[in-house]
Amino acid sequence: MDTGTFRHNVMIEQKAQELIKLAFVLCEKHIIDAHGQPSPTHTSLVASALALQKAIETFLAVERICD
């Protein structure tokens, strides 16, 4: 892997982590705004954020194998 490819991969991983962080920030905002017990919709939102995190982690792991 050359330096350019390495930098590109690092940038992609950083962007992926930003997306995951934003998803959890959104979840937190919705739950805080709900003032109390999270609704089933809030629970689904959190589950979706967790699924997004795992999907991105899996995608990046497979992408590393392809290099």
# chains A, B, ... in the order shown; residues from 1 in each chain; ligands from 1
call {"tool": "closest_atom_pairs", "arguments": {"of": "range 44-67 of chain A", "to": "range 23-29 of chain A", "cutoff": "9 Å", "atoms": "only C-alpha atoms", "output": "tab-separated table"}}
result
residue	atom	partner	partner_atom	distance
A:Leu45	CA	A:Cys27	CA	6.5
A:Val46	CA	A:Cys27	CA	5.9
A:Ser48	CA	A:Ala23	CA	8.8
A:Ala49	CA	A:Ala23	CA	5.7
A:Leu50	CA	A:Phe24	CA	8.4
A:Leu52	CA	A:Ala23	CA	8.4
A:Gln53	CA	A:Ala23	CA	8.8
call {"tool": "atom_distance", "arguments": {"atom1": "CA of Ser39 in chain A", "atom2": "CA of Leu22 in chain A"}}
result
20.2 Å
call {"tool": "residues_around", "arguments": {"residues": "range 2-14 of chain A", "least_positions_apart": "6", "cutoff": "12 Å", "atoms": "only C-alpha atoms", "output": "ChimeraX atom specification"}}
result
/A:20-21,53,56-61,63-64,66-67
call {"tool": "atom_distance", "arguments": {"atom1": "CA of His35 in chain A", "atom2": "CA of Ala51 in chain A"}}
result
24.6 Å
call {"tool": "closest_residue", "arguments": {"among": "A:Ile31, A:Ala16, A:His42, A:Gly36", "to": "Lys54 in chain A", "atoms": "only C-alpha atoms"}}
result
A:Ala16
call {"tool": "decode", "arguments": {"residues": "chain A", "atoms": "C-alpha atoms", "output": "PDB file, in the first residue's frame"}}
result
ATOM      1  CA  MET A   1       0.000   0.000   0.000  1.00  0.00           C
ATOM      2  CA  ASP A   2       1.491   3.322  -1.002  1.00  0.00           C
ATOM      3  CA  THR A   3       1.375   6.494   1.088  1.00  0.00           C
ATOM      4  CA  GLY A   4      -1.455   8.024  -0.941  1.00  0.00           C
ATOM      5  CA  THR A   5      -3.650   4.974  -0.510  1.00  0.00           C
ATOM      6  CA  PHE A   6      -2.857   4.855   3.214  1.00  0.00           C
ATOM      7  CA  ARG A   7      -3.841   8.509   3.656  1.00  0.00           C
ATOM      8  CA  HIS A   8      -7.025   7.921   1.664  1.00  0.00           C
ATOM      9  CA  ASN A   9      -7.927   4.925   3.866  1.00  0.00           C
ATOM     10  CA  VAL A  10      -7.251   6.906   7.037  1.00  0.00           C
ATOM     11  CA  MET A  11      -9.458   9.728   5.752  1.00  0.00           C
ATOM     12  CA  ILE A  12     -12.283   7.297   4.962  1.00  0.00           C
ATOM     13  CA  GLU A  13     -12.038   5.740   8.420  1.00  0.00           C
ATOM     14  CA  GLN A  14     -12.090   9.183  10.047  1.00  0.00           C
ATOM     15  CA  LYS A  15     -15.194  10.153   8.051  1.00  0.00           C
ATOM     16  CA  ALA A  16     -16.849   6.867   9.002  1.00  0.00           C
ATOM     17  CA  GLN A  17     -16.146   7.539  12.689  1.00  0.00           C
ATOM     18  CA  GLU A  18     -17.594  11.047  12.298  1.00  0.00           C
ATOM     19  CA  LEU A  19     -20.779   9.583  10.819  1.00  0.00           C
ATOM     20  CA  ILE A  20     -21.101   7.105  13.678  1.00  0.00           C
ATOM     21  CA  LYS A  21     -20.528   9.861  16.230  1.00  0.00           C
ATOM     22  CA  LEU A  22     -23.164  12.068  14.571  1.00  0.00           C
ATOM     23  CA  ALA A  23     -25.670   9.214  14.637  1.00  0.00           C
ATOM     24  CA  PHE A  24     -25.183   8.773  18.387  1.00  0.00           C
ATOM     25  CA  VAL A  25     -25.311  12.539  18.987  1.00  0.00           C
ATOM     26  CA  LEU A  26     -28.665  12.615  17.188  1.00  0.00           C
ATOM     27  CA  CYS A  27     -29.930   9.724  19.307  1.00  0.00           C
ATOM     28  CA  GLU A  28     -28.825  11.450  22.479  1.00  0.00           C
ATOM     29  CA  LYS A  29     -30.505  14.706  21.442  1.00  0.00           C
ATOM     30  CA  HIS A  30     -33.811  12.992  20.721  1.00  0.00           C
ATOM     31  CA  ILE A  31     -33.763  11.092  23.994  1.00  0.00           C
ATOM     32  CA  ILE A  32     -32.871  14.185  26.032  1.00  0.00           C
ATOM     33  CA  ASP A  33     -35.599  16.172  24.258  1.00  0.00           C
ATOM     34  CA  ALA A  34     -38.111  13.426  25.133  1.00  0.00           C
ATOM     35  CA  HIS A  35     -37.742  14.180  28.891  1.00  0.00           C
ATOM     36  CA  GLY A  36     -38.290  10.739  30.253  1.00  0.00           C
ATOM     37  CA  GLN A  37     -38.620   7.166  29.165  1.00  0.00           C
ATOM     38  CA  PRO A  38     -37.479   6.661  25.561  1.00  0.00           C
ATOM     39  CA  SER A  39     -40.311   5.741  23.229  1.00  0.00           C
ATOM     40  CA  PRO A  40     -40.189   2.679  20.981  1.00  0.00           C
ATOM     41  CA  THR A  41     -39.198   5.060  18.175  1.00  0.00           C
ATOM     42  CA  HIS A  42     -36.247   6.321  20.218  1.00  0.00           C
ATOM     43  CA  THR A  43     -35.233   2.751  20.997  1.00  0.00           C
ATOM     44  CA  SER A  44     -35.390   1.933  17.277  1.00  0.00           C
ATOM     45  CA  LEU A  45     -33.284   4.982  16.497  1.00  0.00           C
ATOM     46  CA  VAL A  46     -30.587   3.842  18.928  1.00  0.00           C
ATOM     47  CA  ALA A  47     -30.726   0.294  17.564  1.00  0.00           C
ATOM     48  CA  SER A  48     -30.312   1.702  14.054  1.00  0.00           C
ATOM     49  CA  ALA A  49     -27.284   3.734  15.142  1.00  0.00           C
ATOM     50  CA  LEU A  50     -25.736   0.612  16.673  1.00  0.00           C
ATOM     51  CA  ALA A  51     -26.442  -1.340  13.479  1.00  0.00           C
ATOM     52  CA  LEU A  52     -24.885   1.479  11.444  1.00  0.00           C
ATOM     53  CA  GLN A  53     -21.784   1.340  13.639  1.00  0.00           C
ATOM     54  CA  LYS A  54     -21.411  -2.423  13.217  1.00  0.00           C
ATOM     55  CA  ALA A  55     -22.082  -2.256   9.467  1.00  0.00           C
ATOM     56  CA  ILE A  56     -19.449   0.434   8.971  1.00  0.00           C
ATOM     57  CA  GLU A  57     -16.927  -1.435  11.115  1.00  0.00           C
ATOM     58  CA  THR A  58     -17.561  -4.596   9.093  1.00  0.00           C
ATOM     59  CA  PHE A  59     -17.304  -2.737   5.789  1.00  0.00           C
ATOM     60  CA  LEU A  60     -13.978  -1.165   6.794  1.00  0.00           C
ATOM     61  CA  ALA A  61     -12.599  -4.503   7.997  1.00  0.00           C
ATOM     62  CA  VAL A  62     -13.464  -6.175   4.699  1.00  0.00           C
ATOM     63  CA  GLU A  63     -12.066  -3.207   2.772  1.00  0.00           C
ATOM     64  CA  ARG A  64      -8.754  -3.611   4.620  1.00  0.00           C
ATOM     65  CA  ILE A  65      -8.619  -7.251   3.521  1.00  0.00           C
ATOM     66  CA  CYS A  66      -9.091  -6.157  -0.091  1.00  0.00           C
ATOM     67  CA  ASP A  67      -5.978  -3.929   0.081  1.00  0.00           C
TER      68      ASP A  67
END
